[in-house]
Amino acid sequence: MNIPAGEHFRTIWLHPDDPTTVQIIDQRRLPHRYEVVDLRTHADGAIAIRDMLVRGAPLIGATAAWSLYLAALEACSSAKSLDRQLEFVRSAAKTLAATRPTAVNLRWGLERMLAVLADASDSEAMVSKLRAEAETICDEDIAISRSIGEHGAELLGAIAAGNNGKPVNILTHCNAGSLATVNWGTATAPMYVAQERGIPIHVWVDETRPRNQGSQLTAWELARSGVPHTVIVDNAGGHLMQHGRVDICITGTDRTTRSGDVANKIGTYLKALAAHDNGVPFYVALPSTTIDWTIADGLRDIPIEERNAEEVTHVSGLDGDAIREVRIVPEGSPVRNDAFDVTPARLVTGLITERGVCDASEAGLAALFPERAGEEP
Ligand code: MRU
């Protein structure tokens, strides 16, 4: 199956002919291969999240949600009583919650799915409620991303208005694109909406070592959608900013505190520092599902995932027709691989959410989400 060029696509869906199977794109194979993978059990879903067949905070949440639906199907075939089945689903939620620590959408998606279990009067109701909730989570994510796009495109339009017809140069890090969500993306959604509105843009795409989500996933997405872009090495952004080649940075986030600190892919903090030094606005695009209202201090309280050394010691790429991995670090050299960093709110110009753009501060978020602001941290 190939995605037609230029068409926006979903990243997770129920198999059209088999409602017991969820399908995803194996993002480890992009941009060289487009392969769809079947998830039949919650363990398949857990592996897909842990091994990063799917990644990006909103898509991790959506995959966890669908995985609990699969757990419910498994429970019905292995346990007779509703109590036992519910126990199985709750234990599956614990397994899924342990797959990746930083993206708070994982916890959010699981909690939302577990909440509907309270109304399940029998096995059939349990399965159908979980299926409906997973579908709703995905539909909502698409609508949220689209709204982020509309609000972010206003910012891009305002910059374009003062740019004498020159394209707005946007720098982005990692992949906060369609592939990181159910569709549209967070950081990329304003780019896609700007393109629809005829606002001229050009995107600097950080390659994003070690896994290269920028050069492999963001570049692939933007190319398919005809968005002008250039891939740069991770260390180039500061230099481009010093030379006036960046009008705005927009990144995604895996977890945002109630005070506006943002955790995102490692290297985001350095881009925010460079943007601050050069007077370049630094925006973070996020669905409200990525806000962790229970914490205020990102540096202290956001758990940072440490991943395996092979991501640093090896790179994969296309060699003729084959995807191969090669070692680039000497055998025996120790390696450390922190996957995320925290950018303090003071370095963030604004947060682009589905309800509008706000200051990266407790007051800014509270004004947009008053129903959550009263919760105890
Ligand atoms: O490790 P990943 O690829 O899951 O990290 C993804 C990111 O850091 C994204 O920028 C973030 O999840 C926002 S996605 C809309």
# chains A, B, ... in the order shown; residues from 1 in each chain; ligands from 1
>>> residues_around(residues="Val348 of chain A", least_positions_apart="4", cutoff="8 Å", atoms="only C-alpha atoms", output="ChimeraX atom specification")
/A:272,281-284,343-344,360
>>> residues_near_ligand(ligand="ligand 1", cutoff="7 Å", atoms="only C-alpha atoms and all ligand atoms", output="PyMOL selection string")
chain A and resi 55-58+103+173-177+180-181+185-187+213+251-254+264-265+286+339-340
>>> residues_around(residues="Trp220 of chain A", least_positions_apart="3", cutoff="12 Å", atoms="only C-alpha atoms", output="number ranges by chain")
A: 3, 5-6, 27, 29-34, 175, 177-179, 205, 207, 212-217, 223-231
>>> write_last_selection(atoms="C-alpha atoms", output="PDB file, in the first residue's frame")
ATOM      1  CA  ILE A   3       0.197   6.767   0.261  1.00  0.00           C
ATOM      2  CA  ALA A   5       1.665  11.987  -2.863  1.00  0.00           C
ATOM      3  CA  GLY A   6       0.304  15.117  -1.287  1.00  0.00           C
ATOM      4  CA  GLN A  27       8.108   4.559  11.094  1.00  0.00           C
ATOM      5  CA  ARG A  29      11.482   2.058   7.878  1.00  0.00           C
ATOM      6  CA  LEU A  30      10.612   5.524   6.569  1.00  0.00           C
ATOM      7  CA  PRO A  31      11.565   7.303   4.367  1.00  0.00           C
ATOM      8  CA  HIS A  32      12.901   4.320   2.425  1.00  0.00           C
ATOM      9  CA  ARG A  33       9.987   1.890   2.867  1.00  0.00           C
ATOM     10  CA  TYR A  34       6.297   2.400   3.571  1.00  0.00           C
ATOM     11  CA  ASN A 175       9.168  15.239  13.929  1.00  0.00           C
ATOM     12  CA  GLY A 177       4.321  16.189  12.121  1.00  0.00           C
ATOM     13  CA  SER A 178       1.438  14.084  10.870  1.00  0.00           C
ATOM     14  CA  LEU A 179       3.515  11.039  11.743  1.00  0.00           C
ATOM     15  CA  VAL A 205      14.547  20.744   9.204  1.00  0.00           C
ATOM     16  CA  GLU A 207      18.190  16.215  11.240  1.00  0.00           C
ATOM     17  CA  ASN A 212      17.034  11.371  12.698  1.00  0.00           C
ATOM     18  CA  GLN A 213      13.299  11.961  12.970  1.00  0.00           C
ATOM     19  CA  GLY A 214      13.870  15.309  11.215  1.00  0.00           C
ATOM     20  CA  SER A 215      15.834  14.174   8.179  1.00  0.00           C
ATOM     21  CA  GLN A 216      13.900  10.921   7.860  1.00  0.00           C
ATOM     22  CA  LEU A 217      10.321  11.731   8.864  1.00  0.00           C
ATOM     23  CA  ALA A 223       8.372  16.672   0.555  1.00  0.00           C
ATOM     24  CA  ARG A 224       5.167  14.665   0.009  1.00  0.00           C
ATOM     25  CA  SER A 225       3.108  17.753   0.738  1.00  0.00           C
ATOM     26  CA  GLY A 226       5.197  20.016  -1.467  1.00  0.00           C
ATOM     27  CA  VAL A 227       6.349  22.259   1.408  1.00  0.00           C
ATOM     28  CA  PRO A 228       9.716  23.878   0.547  1.00  0.00           C
ATOM     29  CA  HIS A 229      12.301  22.725   3.077  1.00  0.00           C
ATOM     30  CA  THR A 230      16.015  22.140   3.627  1.00  0.00           C
ATOM     31  CA  VAL A 231      17.538  19.543   5.956  1.00  0.00           C
TER      32      VAL A 231
END
>>> residues_around(residues="segment 258-263 of chain A", least_positions_apart="4", cutoff="9 Å", atoms="only C-alpha atoms", output="mmCIF file with all heavy atoms, in the first residue's frame")
data_model
loop_
_atom_site.group_PDB
_atom_site.id
_atom_site.type_symbol
_atom_site.label_atom_id
_atom_site.label_comp_id
_atom_site.auth_asym_id
_atom_site.auth_seq_id
_atom_site.Cartn_x
_atom_site.Cartn_y
_atom_site.Cartn_z
ATOM 1 N N THR A 102 8.449 9.731 28.947
ATOM 2 C CA THR A 102 8.394 11.201 28.896
ATOM 3 C C THR A 102 7.067 11.729 28.354
ATOM 4 O O THR A 102 6.492 12.668 28.920
ATOM 5 C CB THR A 102 9.595 11.753 28.089
ATOM 6 O OG1 THR A 102 10.810 11.268 28.693
ATOM 7 C CG2 THR A 102 9.618 13.282 28.108
ATOM 8 N N ALA A 103 6.571 11.154 27.260
ATOM 9 C CA ALA A 103 5.340 11.683 26.639
ATOM 10 C C ALA A 103 4.144 11.428 27.557
ATOM 11 O O ALA A 103 3.753 10.283 27.799
ATOM 12 C CB ALA A 103 5.115 11.034 25.280
ATOM 13 N N GLY A 252 7.488 20.757 18.618
ATOM 14 C CA GLY A 252 6.437 20.096 19.388
ATOM 15 C C GLY A 252 6.887 19.938 20.828
ATOM 16 O O GLY A 252 7.890 20.521 21.251
ATOM 17 N N THR A 253 6.157 19.154 21.575
ATOM 18 C CA THR A 253 6.547 18.847 22.959
ATOM 19 C C THR A 253 5.944 17.503 23.369
ATOM 20 O O THR A 253 4.872 17.111 22.891
ATOM 21 C CB THR A 253 6.102 19.946 23.942
ATOM 22 O OG1 THR A 253 6.235 19.479 25.291
ATOM 23 C CG2 THR A 253 4.661 20.362 23.740
ATOM 24 N N ASP A 254 6.641 16.836 24.250
ATOM 25 C CA ASP A 254 6.149 15.552 24.785
ATOM 26 C C ASP A 254 5.442 15.716 26.110
ATOM 27 O O ASP A 254 4.661 14.867 26.521
ATOM 28 C CB ASP A 254 7.302 14.566 24.939
ATOM 29 C CG ASP A 254 7.778 14.124 23.579
ATOM 30 O OD1 ASP A 254 8.550 14.857 22.953
ATOM 31 O OD2 ASP A 254 7.326 13.061 23.132
ATOM 32 N N THR A 268 16.330 20.457 21.656
ATOM 33 C CA THR A 268 15.356 21.558 21.569
ATOM 34 C C THR A 268 15.822 22.742 22.423
ATOM 35 O O THR A 268 15.744 23.901 22.013
ATOM 36 C CB THR A 268 13.968 21.064 22.032
ATOM 37 O OG1 THR A 268 13.599 19.943 21.218
ATOM 38 C CG2 THR A 268 12.916 22.152 21.902
ATOM 39 N N TYR A 269 16.311 22.443 23.630
ATOM 40 C CA TYR A 269 16.768 23.498 24.555
ATOM 41 C C TYR A 269 17.852 24.363 23.909
ATOM 42 O O TYR A 269 17.830 25.593 23.998
ATOM 43 C CB TYR A 269 17.262 22.826 25.842
ATOM 44 C CG TYR A 269 17.999 23.719 26.796
ATOM 45 C CD1 TYR A 269 17.425 24.888 27.287
ATOM 46 C CD2 TYR A 269 19.287 23.377 27.232
ATOM 47 C CE1 TYR A 269 18.125 25.701 28.181
ATOM 48 C CE2 TYR A 269 19.980 24.183 28.115
ATOM 49 C CZ TYR A 269 19.399 25.346 28.593
ATOM 50 O OH TYR A 269 20.089 26.147 29.462
ATOM 51 N N VAL A 284 6.137 26.802 20.724
ATOM 52 C CA VAL A 284 5.942 25.358 20.883
ATOM 53 C C VAL A 284 4.467 25.057 20.614
ATOM 54 O O VAL A 284 3.583 25.721 21.169
ATOM 55 C CB VAL A 284 6.355 24.896 22.299
ATOM 56 C CG1 VAL A 284 6.065 23.416 22.486
ATOM 57 C CG2 VAL A 284 7.840 25.178 22.523
ATOM 58 N N ILE A 291 -0.371 18.594 28.117
ATOM 59 C CA ILE A 291 -0.103 19.375 29.336
ATOM 60 C C ILE A 291 -0.243 18.459 30.552
ATOM 61 O O ILE A 291 -1.254 17.762 30.702
ATOM 62 C CB ILE A 291 -1.100 20.563 29.471
ATOM 63 C CG1 ILE A 291 -1.039 21.442 28.219
ATOM 64 C CG2 ILE A 291 -0.778 21.374 30.734
ATOM 65 C CD1 ILE A 291 -2.153 22.477 28.130
ATOM 66 N N ASP A 292 0.781 18.474 31.395
ATOM 67 C CA ASP A 292 0.715 17.726 32.647
ATOM 68 C C ASP A 292 0.389 18.729 33.754
ATOM 69 O O ASP A 292 1.273 19.442 34.250
ATOM 70 C CB ASP A 292 2.067 17.040 32.908
ATOM 71 C CG ASP A 292 2.013 16.137 34.133
ATOM 72 O OD1 ASP A 292 1.068 16.297 34.940
ATOM 73 O OD2 ASP A 292 2.911 15.299 34.289
ATOM 74 N N TRP A 293 -0.880 18.783 34.124
ATOM 75 C CA TRP A 293 -1.346 19.774 35.099
ATOM 76 C C TRP A 293 -0.882 19.430 36.514
ATOM 77 O O TRP A 293 -1.048 20.230 37.430
ATOM 78 C CB TRP A 293 -2.879 19.877 35.070
ATOM 79 C CG TRP A 293 -3.382 20.411 33.757
ATOM 80 C CD1 TRP A 293 -3.813 19.699 32.691
ATOM 81 C CD2 TRP A 293 -3.467 21.799 33.364
ATOM 82 N NE1 TRP A 293 -4.162 20.534 31.652
ATOM 83 C CE2 TRP A 293 -3.968 21.832 32.045
ATOM 84 C CE3 TRP A 293 -3.177 23.014 33.996
ATOM 85 C CZ2 TRP A 293 -4.187 23.021 31.344
ATOM 86 C CZ3 TRP A 293 -3.389 24.206 33.304
ATOM 87 C CH2 TRP A 293 -3.890 24.200 31.996
ATOM 88 N N THR A 294 -0.275 18.234 36.688
ATOM 89 C CA THR A 294 0.136 17.840 38.043
ATOM 90 C C THR A 294 1.513 18.377 38.414
ATOM 91 O O THR A 294 1.932 18.243 39.556
ATOM 92 C CB THR A 294 0.157 16.295 38.205
ATOM 93 O OG1 THR A 294 1.223 15.759 37.403
ATOM 94 C CG2 THR A 294 -1.156 15.658 37.796
ATOM 95 N N ILE A 295 2.239 18.942 37.439
ATOM 96 C CA ILE A 295 3.593 19.414 37.777
ATOM 97 C C ILE A 295 3.825 20.839 37.272
ATOM 98 O O ILE A 295 3.220 21.275 36.288
ATOM 99 C CB ILE A 295 4.690 18.482 37.213
ATOM 100 C CG1 ILE A 295 4.544 18.300 35.698
ATOM 101 C CG2 ILE A 295 4.692 17.150 37.914
ATOM 102 C CD1 ILE A 295 5.695 17.534 35.072
ATOM 103 N N ALA A 296 4.737 21.549 37.960
ATOM 104 C CA ALA A 296 5.038 22.932 37.569
ATOM 105 C C ALA A 296 6.507 23.122 37.216
ATOM 106 O O ALA A 296 6.855 24.039 36.488
ATOM 107 C CB ALA A 296 4.664 23.882 38.710
ATOM 108 N N ASP A 297 7.371 22.239 37.714
ATOM 109 C CA ASP A 297 8.808 22.415 37.500
ATOM 110 C C ASP A 297 9.312 21.323 36.552
ATOM 111 O O ASP A 297 9.534 20.180 36.953
ATOM 112 C CB ASP A 297 9.513 22.331 38.867
ATOM 113 C CG ASP A 297 11.002 22.575 38.748
ATOM 114 O OD1 ASP A 297 11.567 22.385 37.645
ATOM 115 O OD2 ASP A 297 11.620 22.950 39.751
ATOM 116 N N GLY A 298 9.485 21.713 35.284
ATOM 117 C CA GLY A 298 9.844 20.719 34.264
ATOM 118 C C GLY A 298 11.191 20.062 34.505
ATOM 119 O O GLY A 298 11.349 18.856 34.326
ATOM 120 N N LEU A 299 12.174 20.871 34.913
ATOM 121 C CA LEU A 299 13.517 20.310 35.108
ATOM 122 C C LEU A 299 13.518 19.267 36.213
ATOM 123 O O LEU A 299 14.191 18.247 36.142
ATOM 124 C CB LEU A 299 14.502 21.415 35.469
ATOM 125 C CG LEU A 299 15.196 22.099 34.299
ATOM 126 C CD1 LEU A 299 16.121 23.186 34.795
ATOM 127 C CD2 LEU A 299 15.970 21.087 33.468
ATOM 128 N N ILE A 302 9.874 16.313 35.185
ATOM 129 C CA ILE A 302 9.574 15.540 33.956
ATOM 130 C C ILE A 302 10.596 14.410 33.826
ATOM 131 O O ILE A 302 11.807 14.665 33.766
ATOM 132 C CB ILE A 302 9.589 16.428 32.687
ATOM 133 C CG1 ILE A 302 8.528 17.524 32.792
ATOM 134 C CG2 ILE A 302 9.359 15.573 31.439
ATOM 135 C CD1 ILE A 302 8.454 18.460 31.597
ATOM 136 N N ILE A 304 12.976 11.975 32.135
ATOM 137 C CA ILE A 304 13.642 11.996 30.827
ATOM 138 C C ILE A 304 14.064 10.577 30.460
ATOM 139 O O ILE A 304 14.818 9.927 31.202
ATOM 140 C CB ILE A 304 14.871 12.931 30.843
ATOM 141 C CG1 ILE A 304 14.436 14.370 31.176
ATOM 142 C CG2 ILE A 304 15.632 12.870 29.523
ATOM 143 C CD1 ILE A 304 13.564 15.062 30.153
ATOM 144 N N PHE A 340 15.373 13.290 25.601
ATOM 145 C CA PHE A 340 14.623 14.561 25.661
ATOM 146 C C PHE A 340 15.369 15.569 26.516
ATOM 147 O O PHE A 340 16.238 15.203 27.302
ATOM 148 C CB PHE A 340 13.222 14.321 26.263
ATOM 149 C CG PHE A 340 12.398 13.369 25.447
ATOM 150 C CD1 PHE A 340 12.375 12.015 25.735
ATOM 151 C CD2 PHE A 340 11.663 13.821 24.350
ATOM 152 C CE1 PHE A 340 11.639 11.119 24.957
ATOM 153 C CE2 PHE A 340 10.930 12.944 23.566
ATOM 154 C CZ PHE A 340 10.918 11.590 23.876
ATOM 155 N N ASP A 341 15.025 16.842 26.358
ATOM 156 C CA ASP A 341 15.501 17.855 27.305
ATOM 157 C C ASP A 341 14.341 18.788 27.623
ATOM 158 O O ASP A 341 13.280 18.725 26.989
ATOM 159 C CB ASP A 341 16.749 18.599 26.786
ATOM 160 C CG ASP A 341 16.539 19.332 25.473
ATOM 161 O OD1 ASP A 341 15.379 19.706 25.154
ATOM 162 O OD2 ASP A 341 17.532 19.554 24.757
ATOM 163 N N VAL A 342 14.567 19.627 28.630
ATOM 164 C CA VAL A 342 13.494 20.535 29.062
ATOM 165 C C VAL A 342 13.898 21.967 28.724
ATOM 166 O O VAL A 342 14.991 22.410 29.065
ATOM 167 C CB VAL A 342 13.232 20.394 30.583
ATOM 168 C CG1 VAL A 342 12.244 21.455 31.065
ATOM 169 C CG2 VAL A 342 12.693 18.996 30.894
ATOM 170 N N THR A 343 13.023 22.662 28.046
ATOM 171 C CA THR A 343 13.216 24.085 27.760
ATOM 172 C C THR A 343 12.369 24.869 28.753
ATOM 173 O O THR A 343 11.139 24.709 28.777
ATOM 174 C CB THR A 343 12.788 24.406 26.311
ATOM 175 O OG1 THR A 343 13.582 23.621 25.415
ATOM 176 C CG2 THR A 343 12.972 25.884 25.994
ATOM 177 N N PRO A 344 13.016 25.698 29.585
ATOM 178 C CA PRO A 344 12.232 26.447 30.569
ATOM 179 C C PRO A 344 11.306 27.459 29.891
ATOM 180 O O PRO A 344 11.636 28.007 28.838
ATOM 181 C CB PRO A 344 13.290 27.176 31.404
ATOM 182 C CG PRO A 344 14.610 26.649 30.971
ATOM 183 C CD PRO A 344 14.453 25.988 29.649
ATOM 184 N N ALA A 345 10.186 27.718 30.531
ATOM 185 C CA ALA A 345 9.167 28.614 29.964
ATOM 186 C C ALA A 345 9.737 29.971 29.574
ATOM 187 O O ALA A 345 9.302 30.575 28.594
ATOM 188 C CB ALA A 345 8.035 28.779 30.979
ATOM 189 N N ARG A 346 10.755 30.459 30.313
ATOM 190 C CA ARG A 346 11.277 31.801 30.026
ATOM 191 C C ARG A 346 11.894 31.891 28.630
ATOM 192 O O ARG A 346 12.058 32.981 28.092
ATOM 193 C CB ARG A 346 12.303 32.215 31.097
ATOM 194 C CG ARG A 346 13.564 31.429 31.071
ATOM 195 C CD ARG A 346 14.520 31.745 32.229
ATOM 196 N NE ARG A 346 15.460 30.657 32.372
ATOM 197 C CZ ARG A 346 16.523 30.482 31.607
ATOM 198 N NH1 ARG A 346 16.805 31.359 30.672
ATOM 199 N NH2 ARG A 346 17.313 29.439 31.777
ATOM 200 N N LEU A 347 12.242 30.744 28.019
ATOM 201 C CA LEU A 347 12.827 30.764 26.676
ATOM 202 C C LEU A 347 11.769 30.537 25.586
ATOM 203 O O LEU A 347 12.096 30.492 24.403
ATOM 204 C CB LEU A 347 13.919 29.691 26.555
ATOM 205 C CG LEU A 347 15.134 29.856 27.466
ATOM 206 C CD1 LEU A 347 16.091 28.679 27.307
ATOM 207 C CD2 LEU A 347 15.854 31.180 27.155
ATOM 208 N N VAL A 348 10.521 30.352 25.987
ATOM 209 C CA VAL A 348 9.458 30.038 25.019
ATOM 210 C C VAL A 348 8.607 31.294 24.802
ATOM 211 O O VAL A 348 8.023 31.832 25.738
ATOM 212 C CB VAL A 348 8.582 28.878 25.545
ATOM 213 C CG1 VAL A 348 7.467 28.562 24.551
ATOM 214 C CG2 VAL A 348 9.434 27.633 25.822
ATOM 215 N N GLY A 350 5.814 31.576 23.038
ATOM 216 C CA GLY A 350 4.391 31.305 23.189
ATOM 217 C C GLY A 350 4.075 29.850 22.910
ATOM 218 O O GLY A 350 4.882 29.117 22.312
ATOM 219 N N LEU A 351 2.909 29.435 23.380
ATOM 220 C CA LEU A 351 2.429 28.063 23.165
ATOM 221 C C LEU A 351 1.259 28.129 22.183
ATOM 222 O O LEU A 351 0.323 28.909 22.379
ATOM 223 C CB LEU A 351 1.969 27.461 24.500
ATOM 224 C CG LEU A 351 3.023 27.423 25.609
ATOM 225 C CD1 LEU A 351 2.408 26.971 26.936
ATOM 226 C CD2 LEU A 351 4.173 26.476 25.228
ATOM 227 N N ASP A 359 0.872 32.839 26.400
ATOM 228 C CA ASP A 359 2.199 32.905 27.014
ATOM 229 C C ASP A 359 2.540 31.537 27.593
ATOM 230 O O ASP A 359 1.650 30.824 28.073
ATOM 231 C CB ASP A 359 2.190 33.892 28.189
ATOM 232 C CG ASP A 359 2.235 35.326 27.702
ATOM 233 O OD1 ASP A 359 2.531 35.530 26.512
ATOM 234 O OD2 ASP A 359 1.953 36.217 28.523
ATOM 235 N N ALA A 360 3.826 31.239 27.604
ATOM 236 C CA ALA A 360 4.278 30.006 28.265
ATOM 237 C C ALA A 360 4.371 30.290 29.757
ATOM 238 O O ALA A 360 5.451 30.563 30.291
ATOM 239 C CB ALA A 360 5.621 29.573 27.690
ATOM 240 N N SER A 361 3.232 30.263 30.404
ATOM 241 C CA SER A 361 3.185 30.577 31.845
ATOM 242 C C SER A 361 1.915 29.964 32.415
ATOM 243 O O SER A 361 0.992 29.596 31.680
ATOM 244 C CB SER A 361 3.134 32.093 32.061
ATOM 245 O OG SER A 361 1.900 32.595 31.551
ATOM 246 N N GLU A 362 1.887 29.881 33.730
ATOM 247 C CA GLU A 362 0.698 29.329 34.401
ATOM 248 C C GLU A 362 -0.525 30.188 34.057
ATOM 249 O O GLU A 362 -1.597 29.665 33.734
ATOM 250 C CB GLU A 362 0.941 29.290 35.918
ATOM 251 C CG GLU A 362 -0.201 28.671 36.673
ATOM 252 C CD GLU A 362 0.241 27.694 37.757
ATOM 253 O OE1 GLU A 362 1.436 27.613 38.081
ATOM 254 O OE2 GLU A 362 -0.651 26.999 38.268
ATOM 255 N N ALA A 363 -0.352 31.518 34.063
ATOM 256 C CA ALA A 363 -1.480 32.407 33.771
ATOM 257 C C ALA A 363 -1.932 32.233 32.323
ATOM 258 O O ALA A 363 -3.136 32.217 32.029
ATOM 259 C CB ALA A 363 -1.080 33.855 34.034
ATOM 260 N N GLY A 364 -0.969 32.102 31.415
ATOM 261 C CA GLY A 364 -1.301 31.936 29.997
ATOM 262 C C GLY A 364 -2.110 30.674 29.760
ATOM 263 O O GLY A 364 -3.161 30.693 29.088
ATOM 264 N N LEU A 365 -1.652 29.563 30.330
ATOM 265 C CA LEU A 365 -2.371 28.295 30.134
ATOM 266 C C LEU A 365 -3.717 28.316 30.858
ATOM 267 O O LEU A 365 -4.721 27.810 30.339
ATOM 268 C CB LEU A 365 -1.516 27.120 30.608
ATOM 269 C CG LEU A 365 -0.390 26.712 29.647
ATOM 270 C CD1 LEU A 365 0.567 25.724 30.300
ATOM 271 C CD2 LEU A 365 -0.959 26.131 28.346
ATOM 272 N N ALA A 366 -3.729 28.929 32.041
ATOM 273 C CA ALA A 366 -4.982 28.968 32.814
ATOM 274 C C ALA A 366 -6.053 29.768 32.076
ATOM 275 O O ALA A 366 -7.238 29.442 32.130
ATOM 276 C CB ALA A 366 -4.724 29.578 34.190
ATOM 277 N N ALA A 373 -7.239 24.656 35.300
ATOM 278 C CA ALA A 373 -6.304 25.481 36.067
ATOM 279 C C ALA A 373 -6.521 25.347 37.572
ATOM 280 O O ALA A 373 -5.585 25.496 38.356
ATOM 281 C CB ALA A 373 -6.441 26.936 35.652
ATOM 282 N N PRO A 377 -1.691 21.036 41.829
ATOM 283 C CA PRO A 377 -0.501 20.457 41.189
ATOM 284 C C PRO A 377 -0.026 19.206 41.924
ATOM 285 O O PRO A 377 -0.328 19.015 43.068
ATOM 286 C CB PRO A 377 0.542 21.558 41.271
ATOM 287 C CG PRO A 377 -0.008 22.637 42.090
ATOM 288 C CD PRO A 377 -1.450 22.352 42.397
#
>>> select_by_dssp(residues="segment 126-292 of chain A", states="strand (DSSP E or B)", output="ChimeraX atom specification")
/A:168-172,201-206,229-232,248-251,255-257,262-265,282-285,291-292
>>> atom_distance(atom1="atom CA of Phe369 of chain A", atom2="atom CA of Ala285 of chain A")
15.3 Å
>>> atom_distance(atom1="atom CA of Trp108 of chain A", atom2="atom CA of Asp26 of chain A")
23.1 Å
>>> residues_around(residues="Val246 of chain A", least_positions_apart="5", cutoff="8 Å", atoms="only C-alpha atoms", output="MDAnalysis selection string")
chainID A and resid 168:171 240:241 280
>>> closest_residue(among="A:His42, A:Arg324, A:Arg84, A:Arg245", to="Leu70 of chain A", atoms="only C-alpha atoms")
A:His42
>>> residues_around(residues="Asp38 of chain A", least_positions_apart="3", cutoff="7 Å", atoms="only C-alpha atoms", output="number ranges by chain")
A: 21-24
>>> select_by_dssp(residues="segment 147-277 of chain A", states="helix (DSSP H, G or I)", output="ChimeraX atom specification")
/A:147-161,178-180,189-196,213-224,234-242,268-277
>>> write_last_selection(atoms="C-alpha atoms", output="PDB file, in the first residue's frame")
ATOM      1  CA  SER A 147      -6.984  23.946  15.154  1.00  0.00           C
ATOM      2  CA  ILE A 148      -3.329  24.250  16.162  1.00  0.00           C
ATOM      3  CA  GLY A 149      -2.638  24.659  12.453  1.00  0.00           C
ATOM      4  CA  GLU A 150      -5.192  27.460  12.102  1.00  0.00           C
ATOM      5  CA  HIS A 151      -3.813  29.392  15.091  1.00  0.00           C
ATOM      6  CA  GLY A 152      -0.185  28.852  14.125  1.00  0.00           C
ATOM      7  CA  ALA A 153      -0.842  29.927  10.540  1.00  0.00           C
ATOM      8  CA  GLU A 154      -2.010  33.307  11.881  1.00  0.00           C
ATOM      9  CA  LEU A 155       1.464  33.814  13.358  1.00  0.00           C
ATOM     10  CA  LEU A 156       3.091  32.830  10.073  1.00  0.00           C
ATOM     11  CA  GLY A 157       0.752  35.136   8.133  1.00  0.00           C
ATOM     12  CA  ALA A 158       1.692  38.054  10.390  1.00  0.00           C
ATOM     13  CA  ILE A 159       5.419  37.451   9.788  1.00  0.00           C
ATOM     14  CA  ALA A 160       4.807  37.057   6.044  1.00  0.00           C
ATOM     15  CA  ALA A 161       2.994  40.409   5.956  1.00  0.00           C
ATOM     16  CA  SER A 178       1.438  14.084  10.870  1.00  0.00           C
ATOM     17  CA  LEU A 179       3.515  11.039  11.743  1.00  0.00           C
ATOM     18  CA  ALA A 180       3.723  12.096  15.389  1.00  0.00           C
ATOM     19  CA  ALA A 189       0.072  21.833  11.146  1.00  0.00           C
ATOM     20  CA  PRO A 190       0.663  25.623  10.888  1.00  0.00           C
ATOM     21  CA  MET A 191       2.949  24.918   7.921  1.00  0.00           C
ATOM     22  CA  TYR A 192       0.277  22.889   6.133  1.00  0.00           C
ATOM     23  CA  VAL A 193      -2.425  25.477   6.828  1.00  0.00           C
ATOM     24  CA  ALA A 194      -0.072  28.294   5.730  1.00  0.00           C
ATOM     25  CA  GLN A 195       0.496  26.425   2.501  1.00  0.00           C
ATOM     26  CA  GLU A 196      -3.273  26.120   1.956  1.00  0.00           C
ATOM     27  CA  GLN A 213      13.299  11.961  12.970  1.00  0.00           C
ATOM     28  CA  GLY A 214      13.870  15.309  11.215  1.00  0.00           C
ATOM     29  CA  SER A 215      15.834  14.174   8.179  1.00  0.00           C
ATOM     30  CA  GLN A 216      13.900  10.921   7.860  1.00  0.00           C
ATOM     31  CA  LEU A 217      10.321  11.731   8.864  1.00  0.00           C
ATOM     32  CA  THR A 218       9.762  15.504   8.755  1.00  0.00           C
ATOM     33  CA  ALA A 219      11.611  15.857   5.450  1.00  0.00           C
ATOM     34  CA  TRP A 220       9.588  12.952   3.997  1.00  0.00           C
ATOM     35  CA  GLU A 221       6.300  14.478   5.112  1.00  0.00           C
ATOM     36  CA  LEU A 222       7.092  17.976   3.898  1.00  0.00           C
ATOM     37  CA  ALA A 223       8.372  16.672   0.555  1.00  0.00           C
ATOM     38  CA  ARG A 224       5.167  14.665   0.009  1.00  0.00           C
ATOM     39  CA  ASP A 234      21.613  19.698  14.306  1.00  0.00           C
ATOM     40  CA  ASN A 235      24.370  22.185  14.992  1.00  0.00           C
ATOM     41  CA  ALA A 236      23.502  24.592  12.155  1.00  0.00           C
ATOM     42  CA  GLY A 237      20.440  26.344  13.622  1.00  0.00           C
ATOM     43  CA  GLY A 238      22.349  28.857  15.775  1.00  0.00           C
ATOM     44  CA  HIS A 239      24.523  29.885  12.844  1.00  0.00           C
ATOM     45  CA  LEU A 240      21.464  30.398  10.604  1.00  0.00           C
ATOM     46  CA  MET A 241      19.798  32.489  13.296  1.00  0.00           C
ATOM     47  CA  GLN A 242      22.898  34.695  13.651  1.00  0.00           C
ATOM     48  CA  THR A 268      15.356  21.558  21.569  1.00  0.00           C
ATOM     49  CA  TYR A 269      16.768  23.498  24.555  1.00  0.00           C
ATOM     50  CA  LEU A 270      19.874  24.497  22.600  1.00  0.00           C
ATOM     51  CA  LYS A 271      17.689  25.826  19.774  1.00  0.00           C
ATOM     52  CA  ALA A 272      15.661  27.836  22.270  1.00  0.00           C
ATOM     53  CA  LEU A 273      18.867  29.311  23.733  1.00  0.00           C
ATOM     54  CA  ALA A 274      20.114  30.285  20.282  1.00  0.00           C
ATOM     55  CA  ALA A 275      16.710  31.765  19.412  1.00  0.00           C
ATOM     56  CA  HIS A 276      16.719  33.790  22.643  1.00  0.00           C
ATOM     57  CA  ASP A 277      20.224  35.116  21.935  1.00  0.00           C
TER      58      ASP A 277
END
>>> closest_residue(among="A:Asp18, A:Glu371, A:Asp206, A:Asp247", to="Ile232 of chain A", atoms="only C-alpha atoms")
A:Asp206
>>> residues_around(residues="segment 99-101 of chain A", least_positions_apart="6", cutoff="8 Å", atoms="only C-alpha atoms", output="number ranges by chain")
A: 46-47, 49-50, 303-305
